[in-house]
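**Q** Below you'll find the structure I mean.
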Amino acid sequence: MGSILVVAEIQKGTIREASYELVSFAKKLGGDVRSLVIGSGIAGEAEAFAKRGGGKVYVADDPALANYNVDGWARAIRAAADAAGADVVLISNTPSGWDVAPRLAAALDAAFVSDAFDARPGPVFVRRIFNGKLDAEVAPAGGKAVVTVQPGATAAFDGTSEGSTEKLAVDLSGLRAKFVETKVAEAKGVDLTKAEIIVSGGRGVGAPEKFPEVIQPLADALGGAMGASRPVVDAGWLPHEYQVGSSGQVVTPKLYIACGISGAIQHLVGMKGSNFIIAINKDADAPIFEVAQLGVVGDLFEIVPKLTAAVKTAKG
Amino acid sequence: MKILVSLKQVPHQDARLDVNADGSWIKEDGIKFEINSYDTFALEEALRAKDADPATEVVVASIGPERVTQALRTALGMGADRAVHVKDAAVDGSDALGIAKLLAAIAKEVGPDLVLMGLMSDDSNASAVPPMLAELMGIPHATAVVKVEKKDGGVRVERELEGGALEVVDLPQPCLLAVQTGLNQVRYASLKGIMAAKKKPIDVKTAEALGLGGKVGKAAAKVRIQKIYPPPKGEGAEILSGSADEVVTKLVGKIKELGLL
C-alpha cells in the first residue's frame, strides 16, 4: 500500500468532524496518511490538521475556493493525489464529496467506491446497498481508487501526528460552475426538534389521506407531533416541514413511533438519537427494527387505530 | 433543445431480496422491476421542458436486458420522443465507470444540450454515474438538484445540502444535472400516450456498435463486488408477538413505563 490521501473539508471556517473520521478510516487500510485542505484563508486550520492526524498536508488556499466548486475541487484533489503519489483518495460522502469524487475517479480512470462505512487492508471496502437492506464488500481490481466515506460511521481520530504543510499550486482559471449563494434552512412551521413524542409515517402509510386518518390521531392522543419520512414528502403527501432525516429535521424525542417506515439511512440519521423507538412495519427484515427497541411486525392499519384507542382509554 | 435522460431499471422497492448462489448479487428471477425512483423525477423534469417548448426533443437511454424495454416503453408513454437501449450480455457486470462510458458514447451520438439523471439508484445507492458521465463528456454538472430554472443561456440550480440548506449554482449549457427525489410531481403515462408510444422508436445498440467492445463489462470493471449479504443483526428490537390487542396492550404498558402516559 502506497500513500493514502485524506481530503479534509472546511465547514464554517474549521475542519469538520468527518475529516478526522477519514484519518481513522485511512488507518484501517494501513499506509502513509497525507492530506489536502481546500478553502480560502485556511493556513491555520491546515497547520492544526497536520498535527492532529493529517500528517503531510497539501494546502489549496485561494479566494476562488472559498465556496465549493466542482472544477476547483477536482483540480486541487488531482494535484494533491499526484504530489502524494496516492493509491487511495478518501473523501467524506458529503454534498461536496459525493459531487466531486466520481468525477475525479473518471478523470483518473480509477476505481470508485461510494459511501463506504468500513474497510480493511487489501483494500476491501464495505458499503450498504438497496437502501439499507443489504451490505456489499467491494474491492478495486488494481490501480488507484477514489473512495467516499459515510460520515458518522467511524470514530474521529483524536491523536497527534508529525505534520507539515505545503502550499499546492492549482490552476483555477475557467471554472465553469458559478457559486451564487447558500440559502439556510427556512424556519419551520412544525418544529419537531422540541417534540417529546413523535409519531412518523412512511411509504407504508400508502396514501396522503391516511396521515390525518391514522397517524395524526395517535400523535394527538399521545400529545405529540406528527412526522414523516422522505418518500412521503417527495410524493407531496405532506410538506417538507414534517420530514425527519438528514435533509429534514434531526430529532431526539423521548418516544419515536415509526409507522410504515423501512429505515433508509437518511431517515435513521434523523431519529436514531431518540430515547426510545417503537417500529411498526409489515416487513420483518426492515432496517428500522435494527435501531428500534420495540418492534411490531404487522399491519399498521390494524395496530395504530387500536393503539390510539387504547392510549385514549389509558388517559381517561 | 435536446435533452438526454438516462433510466435505470431496478428491483421494485417492495421486492423480496435474496442473495444469489455465489453471493455476488441478488437473485433477479421472479422479481418485479421498476424505473429507479430518482430517474422518474429526472424524466419528469425533461418532459416539463418539452411541455414548455414543444420543439424540445427528449431522448431516453437505458442499459440492461430485454426487461428494460418495459421501462423505455413507459418513458415513451409518458412523453419521451425516442429511446436508446444498450442490450448486450457483454456489458453485464460493468461498474459505474463502464456504464458512464456507454452513456457517454450514446451522448456523443445524441448531442444533448442538457443531460438529466437521478442522483442515485435504489439498488446500488452509489451516486457514481452522473459526475463520471459529465467528466467523460467534458461538461459541468451538479448533483442533488432540487430546483432548475433557465438563466442566461444556461441553468440556475439549487442543490440540497445538509440540514435543509440549499446551494445556488449557475451552470453554462451543455451540462448534466443529477436530481433529488421530490423535485417535481411525476406524471403517469396516459392511455393515449401509451398507444402513441408503440410507434416511437427504440434504437437497440451493442457495446461494439458504440465503439466500446472489450472496454466495458465485468472484465473491464475497476471495482468488483466480492460478496453481498444482509447487514449483521445487532441487538435489534424486541419483536412483540401475539394478537393485535395483546400487542397494543404491551405497547401501552411500555409507554406508561416511559412515563409518557
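Chain lettering (A, B, ...) mirrors the order of the C-alpha cells, residue numbering begins at 1 for each chain separately, and ligand numbering begins at 1 in order of display.
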Please report, as a PyMOL selection string, each residue of stretch 25-136 of chain B to which DSSP assigns strand (DSSP E or B) when run on this structure's backbone.
**A** chain B and resi 26+33-35+57-63+82-86+114-118
**Q** Compute the chain B side of the contact with chain A at 7 Å, counting only C-alpha atoms, and hand it back as JSON, numbers by chain.
**A** {"B": [97, 122, 123, 124, 125, 126, 128, 131, 132, 135, 136, 140, 142, 143, 161, 162, 163, 164, 165, 166, 167, 168, 169, 170, 171, 172, 181, 182, 185, 222, 223, 224, 225, 226, 227, 228, 229, 230, 231, 234, 236, 237, 238, 239, 240, 244, 248, 252, 261]}
**Q** The selected residues should be written to file as a PDB file, in the first residue's frame (atoms: C-alpha atoms).
**A**
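Saved the output as out.pdb:
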```
ATOM      1  CA  LEU B  97     -17.420   3.820 -14.892  1.00  0.00           C
ATOM      2  CA  ASP B 122     -32.284   2.436  -5.411  1.00  0.00           C
ATOM      3  CA  ASP B 123     -30.179  -0.733  -5.802  1.00  0.00           C
ATOM      4  CA  SER B 124     -26.510   0.330  -5.797  1.00  0.00           C
ATOM      5  CA  ASN B 125     -27.053   3.612  -3.884  1.00  0.00           C
ATOM      6  CA  ALA B 126     -23.746   4.840  -5.289  1.00  0.00           C
ATOM      7  CA  ALA B 128     -21.487   7.468  -9.148  1.00  0.00           C
ATOM      8  CA  PRO B 131     -20.474  13.035 -12.307  1.00  0.00           C
ATOM      9  CA  MET B 132     -18.496  10.361 -14.193  1.00  0.00           C
ATOM     10  CA  GLU B 135     -16.407  14.241 -16.814  1.00  0.00           C
ATOM     11  CA  LEU B 136     -16.299  11.899 -19.828  1.00  0.00           C
ATOM     12  CA  PRO B 140     -20.080  20.714 -15.968  1.00  0.00           C
ATOM     13  CA  ALA B 142     -24.420  19.478 -10.340  1.00  0.00           C
ATOM     14  CA  THR B 143     -25.813  16.789  -8.034  1.00  0.00           C
ATOM     15  CA  LEU B 161     -27.022  20.469   1.326  1.00  0.00           C
ATOM     16  CA  GLU B 162     -27.219  19.074   4.845  1.00  0.00           C
ATOM     17  CA  GLY B 163     -29.932  20.073   7.302  1.00  0.00           C
ATOM     18  CA  GLY B 164     -32.228  21.636   4.719  1.00  0.00           C
ATOM     19  CA  ALA B 165     -29.745  24.275   3.452  1.00  0.00           C
ATOM     20  CA  LEU B 166     -29.506  24.894  -0.295  1.00  0.00           C
ATOM     21  CA  GLU B 167     -26.638  25.916  -2.576  1.00  0.00           C
ATOM     22  CA  VAL B 168     -27.499  28.044  -5.605  1.00  0.00           C
ATOM     23  CA  VAL B 169     -25.208  27.462  -8.602  1.00  0.00           C
ATOM     24  CA  ASP B 170     -25.190  28.736 -12.198  1.00  0.00           C
ATOM     25  CA  LEU B 171     -24.047  26.347 -14.920  1.00  0.00           C
ATOM     26  CA  PRO B 172     -23.491  27.018 -18.627  1.00  0.00           C
ATOM     27  CA  THR B 181     -36.386  12.938  -5.427  1.00  0.00           C
ATOM     28  CA  GLY B 182     -39.233  15.380  -4.808  1.00  0.00           C
ATOM     29  CA  GLN B 185     -44.650  15.642  -9.189  1.00  0.00           C
ATOM     30  CA  LYS B 222     -12.195  -1.365 -11.964  1.00  0.00           C
ATOM     31  CA  VAL B 223     -14.119  -2.315  -8.870  1.00  0.00           C
ATOM     32  CA  ARG B 224     -15.589  -5.731  -8.105  1.00  0.00           C
ATOM     33  CA  ILE B 225     -18.272  -6.839  -5.709  1.00  0.00           C
ATOM     34  CA  GLN B 226     -16.778  -9.678  -3.656  1.00  0.00           C
ATOM     35  CA  LYS B 227     -19.941 -10.574  -1.811  1.00  0.00           C
ATOM     36  CA  ILE B 228     -23.232  -9.192  -0.594  1.00  0.00           C
ATOM     37  CA  TYR B 229     -25.155 -10.243   2.498  1.00  0.00           C
ATOM     38  CA  PRO B 230     -27.880  -8.997   4.846  1.00  0.00           C
ATOM     39  CA  PRO B 231     -26.404  -6.495   7.345  1.00  0.00           C
ATOM     40  CA  GLY B 234     -27.341  -6.125  16.114  1.00  0.00           C
ATOM     41  CA  GLY B 236     -32.246  -5.126  17.329  1.00  0.00           C
ATOM     42  CA  ALA B 237     -35.760  -4.555  18.506  1.00  0.00           C
ATOM     43  CA  GLU B 238     -37.646  -6.842  20.834  1.00  0.00           C
ATOM     44  CA  ILE B 239     -40.401  -8.000  18.494  1.00  0.00           C
ATOM     45  CA  LEU B 240     -43.777  -8.192  20.191  1.00  0.00           C
ATOM     46  CA  ALA B 244     -53.164  -7.105  17.693  1.00  0.00           C
ATOM     47  CA  VAL B 248     -51.314  -2.941  21.742  1.00  0.00           C
ATOM     48  CA  VAL B 252     -49.374   0.962  26.109  1.00  0.00           C
ATOM     49  CA  LEU B 261     -48.921   8.327  29.704  1.00  0.00           C
TER      50      LEU B 261
END
```
**Q** How many Å separate atom CA of B:Gly77 from atom CA of B:Ala96?
**A** 27.7 Å
**Q** Between atom CA of B:Val115 and atom CA of B:Glu44, measure the distance and give it in Å to one decimal.
**A**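 Answer for the atom CA of B:Val115 to atom CA of B:Glu44 separation: 12.7 Å.
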**Q** Using the chain letters and numbers from this document, which residues of stretch 41-157 of chain B does DSSP assign to helix (DSSP H, G or I), as a ChimeraX atom specification?
**A** /B:41-52,68-78,89-91,96-110,129-137
**Q** To one decimal place in Å, what is the distance between atom CA of B:Leu76 and atom CA of B:Met117?
**A**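 Interatomic distance, atom CA of B:Leu76 to atom CA of B:Met117: 16.1 Å.
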**Q** Tell me which protein, DNA and RNA residues are within 6 Å of B:Arg82, counting only C-alpha atoms, leaving out same-chain ones fewer than 2 positions away, and put them as a list in words.
**A**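 Here the qualifying residues turn out to be Val59, Ala80, Lys200 and Pro201 of chain B.
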**Q** Compile the contact shell of stretch 206-212 of chain B as an mmCIF file with N, CA and C atoms, in the first residue's frame: residues with an atom at most 7 Å away, counting only C-alpha atoms, same-chain residues fewer than 6 positions apart removed.
**A**
```
data_model
loop_
_atom_site.group_PDB
_atom_site.id
_atom_site.type_symbol
_atom_site.label_atom_id
_atom_site.label_comp_id
_atom_site.auth_asym_id
_atom_site.auth_seq_id
_atom_site.Cartn_x
_atom_site.Cartn_y
_atom_site.Cartn_z
ATOM 1 N N VAL B 86 -29.199 -0.117 -24.742
ATOM 2 C CA VAL B 86 -27.989 -0.946 -24.875
ATOM 3 C C VAL B 86 -28.342 -2.317 -24.326
ATOM 4 N N LYS B 87 -28.541 -3.256 -25.252
ATOM 5 C CA LYS B 87 -28.935 -4.621 -24.876
ATOM 6 C C LYS B 87 -27.834 -5.550 -25.364
ATOM 7 N N ASP B 88 -26.980 -5.973 -24.443
ATOM 8 C CA ASP B 88 -25.784 -6.699 -24.838
ATOM 9 C C ASP B 88 -25.241 -7.419 -23.611
ATOM 10 N N VAL B 91 -22.067 -6.341 -21.697
ATOM 11 C CA VAL B 91 -21.955 -5.219 -20.745
ATOM 12 C C VAL B 91 -22.320 -5.645 -19.321
ATOM 13 N N ALA B 105 -20.913 7.402 -24.843
ATOM 14 C CA ALA B 105 -20.923 7.067 -26.273
ATOM 15 C C ALA B 105 -22.301 7.374 -26.873
#
```
**Q** Taking 6 positions as the minimum chain separation for residues in the same chain, which residues sit within 12 Å of A:Ala43 when counting only C-alpha atoms? Answer as an MDAnalysis selection string.
**A** chainID A and resid 10 13:15 36:37 49:50 57:62 164:168
**Q** Would you write out those residues with N, CA and C atoms, as a CSV table (one decimal), in the first residue's frame?
**A**
```csv
chain,number,residue,atom,x,y,z
A,10,ILE,N,-13.6,21.9,5.0
A,10,ILE,CA,-13.8,23.0,5.9
A,10,ILE,C,-15.3,23.3,5.9
A,13,GLY,N,-15.5,27.6,8.6
A,13,GLY,CA,-14.2,28.0,9.0
A,13,GLY,C,-13.3,27.0,9.7
A,14,THR,N,-13.9,25.8,10.1
A,14,THR,CA,-13.0,24.9,10.7
A,14,THR,C,-13.1,23.5,10.0
A,15,ILE,N,-12.1,22.7,10.3
A,15,ILE,CA,-12.1,21.3,9.7
A,15,ILE,C,-13.2,20.5,10.3
A,36,LEU,N,-5.2,16.8,2.3
A,36,LEU,CA,-5.4,18.0,1.5
A,36,LEU,C,-6.4,18.8,2.2
A,37,VAL,N,-6.2,20.1,2.3
A,37,VAL,CA,-7.2,21.0,2.9
A,37,VAL,C,-7.5,22.1,1.8
A,49,PHE,N,-4.4,20.7,11.5
A,49,PHE,CA,-4.7,19.4,11.0
A,49,PHE,C,-3.5,18.5,10.8
A,50,ALA,N,-2.4,19.2,10.4
A,50,ALA,CA,-1.1,18.4,10.2
A,50,ALA,C,-0.7,17.8,11.4
A,57,VAL,N,0.4,17.8,5.0
A,57,VAL,CA,-0.9,18.4,4.5
A,57,VAL,C,-0.6,19.3,3.3
A,58,TYR,N,-1.2,19.1,2.2
A,58,TYR,CA,-1.2,19.9,1.0
A,58,TYR,C,-2.3,21.0,1.2
A,59,VAL,N,-2.0,22.2,0.9
A,59,VAL,CA,-3.0,23.3,1.1
A,59,VAL,C,-3.3,24.0,-0.2
A,60,ALA,N,-4.6,23.9,-0.6
A,60,ALA,CA,-5.1,24.6,-1.7
A,60,ALA,C,-5.9,25.8,-1.2
A,61,ASP,N,-5.2,27.0,-1.1
A,61,ASP,CA,-5.8,28.1,-0.4
A,61,ASP,C,-5.9,29.3,-1.4
A,62,ASP,N,-7.2,29.6,-1.7
A,62,ASP,CA,-7.4,30.6,-2.8
A,62,ASP,C,-8.8,31.2,-2.6
A,164,SER,N,3.4,18.5,8.5
A,164,SER,CA,3.9,19.7,7.9
A,164,SER,C,2.9,20.2,6.8
A,165,THR,N,3.0,21.4,6.4
A,165,THR,CA,2.1,21.8,5.3
A,165,THR,C,2.9,22.3,4.1
A,166,GLU,N,2.3,22.1,2.9
A,166,GLU,CA,2.9,22.5,1.7
A,166,GLU,C,1.9,23.2,0.8
A,167,LYS,N,2.1,24.4,0.3
A,167,LYS,CA,1.1,25.1,-0.5
A,167,LYS,C,1.1,24.4,-1.9
A,168,LEU,N,-0.1,24.2,-2.3
A,168,LEU,CA,-0.3,23.5,-3.6
A,168,LEU,C,-0.7,24.5,-4.7
```
**Q** Using only C-alpha atoms, which residue out of A:Phe25, A:Phe301, A:Tyr20, A:Trp237 lies closest to A:Val149?
**A**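 Going through A:Phe25, A:Phe301, A:Tyr20, A:Trp237 one by one, the smallest distance to A:Val149 is for A:Phe25.
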**Q** Taking a cut-off of 12 Å and counting only C-alpha atoms, can you build a table that, for each residue of stretch 28-101 of chain B near stretch 188-199 of chain B, reports the nearest atom pair and how far apart they are in Å (one decimal), sorted by chain then residue number, as CSV?
**A**
```
residue,atom,partner,partner_atom,distance
B:Thr40,CA,B:Tyr188,CA,10.2
B:Phe41,CA,B:Tyr188,CA,11.7
B:Leu43,CA,B:Tyr188,CA,11.4
B:Glu44,CA,B:Tyr188,CA,9.6
B:Leu47,CA,B:Ala189,CA,11.5
B:Thr69,CA,B:Lys198,CA,11.5
B:Gln70,CA,B:Ala197,CA,11.3
B:Ala71,CA,B:Ala189,CA,11.6
B:Leu72,CA,B:Ala197,CA,9.5
B:Arg73,CA,B:Ala197,CA,6.5
B:Thr74,CA,B:Ala189,CA,6.8
B:Ala75,CA,B:Ala189,CA,7.8
B:Leu76,CA,B:Ala197,CA,5.2
B:Gly77,CA,B:Ile194,CA,4.2
B:Met78,CA,B:Ala189,CA,4.2
B:Gly79,CA,B:Gly193,CA,6.6
B:Ala80,CA,B:Ala197,CA,8.5
B:Asp81,CA,B:Ala197,CA,8.4
B:Arg82,CA,B:Ala197,CA,8.8
B:Ala83,CA,B:Ala197,CA,10.3
```
**Q** Atoms to include: C-alpha atoms. Write the selected residues as a short mmCIF file (atom, residue, chain, number, x, y, z; two decimals), in the first residue's frame.
**A**
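Okay, out-v7.cif is ready:
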```cif
data_model
loop_
_atom_site.label_atom_id
_atom_site.label_comp_id
_atom_site.auth_asym_id
_atom_site.auth_seq_id
_atom_site.Cartn_x
_atom_site.Cartn_y
_atom_site.Cartn_z
CA THR B 40 -38.56 9.29 -12.73
CA PHE B 41 -38.05 12.83 -11.38
CA LEU B 43 -37.64 12.25 -16.76
CA GLU B 44 -40.50 14.41 -15.46
CA LEU B 47 -40.97 16.35 -20.04
CA THR B 69 -37.78 -2.41 -22.87
CA GLN B 70 -40.70 -2.08 -20.43
CA ALA B 71 -39.06 0.91 -18.68
CA LEU B 72 -38.35 2.57 -22.01
CA ARG B 73 -41.93 1.98 -23.23
CA THR B 74 -43.21 3.57 -20.02
CA ALA B 75 -40.97 6.62 -20.58
CA LEU B 76 -42.12 6.90 -24.20
CA GLY B 77 -45.72 6.59 -22.99
CA MET B 78 -45.13 9.47 -20.59
CA GLY B 79 -43.98 11.63 -23.50
CA ALA B 80 -40.33 10.98 -24.37
CA ASP B 81 -39.68 11.10 -28.13
CA ARG B 82 -37.31 8.20 -28.69
CA ALA B 83 -35.21 5.67 -26.83
#
```
**Q** Excluding stretch 10-21 of chain B and residues on its chain fewer than 2 positions from it, collect all residues at most 7 Å away from it, counting only C-alpha atoms, and give them as a ChimeraX atom specification.
**A** /B:8,23-27,31-36,122-123,229
**Q** Quick one: residues within 10 Å of stretch 27-30 of chain A, only C-alpha atoms, excluding same-chain residues fewer than 5 positions away - as a CSV table (one decimal) with C-alpha atoms, in the first residue's frame?
**A**
```csv
chain,number,residue,atom,x,y,z
A,1,MET,CA,0.0,0.0,0.0
A,2,GLY,CA,1.4,3.4,-1.0
A,3,SER,CA,0.1,6.6,0.5
A,4,ILE,CA,-3.5,7.5,1.2
A,21,GLU,CA,-13.1,10.2,10.8
A,22,LEU,CA,-11.3,9.9,7.4
A,53,GLY,CA,-3.7,13.2,12.2
A,88,VAL,CA,-6.3,5.7,-2.4
A,118,ASP,CA,-15.9,0.2,6.9
A,119,ALA,CA,-12.6,-1.1,5.4
A,120,ARG,CA,-9.8,-3.5,5.9
A,121,PRO,CA,-6.3,-3.9,4.2
A,122,GLY,CA,-6.5,-5.3,0.7
A,123,PRO,CA,-8.1,-2.9,0.4
A,124,VAL,CA,-11.7,-4.1,0.8
A,125,PHE,CA,-14.5,-1.6,1.5
A,157,PHE,CA,-9.2,10.4,15.2
```
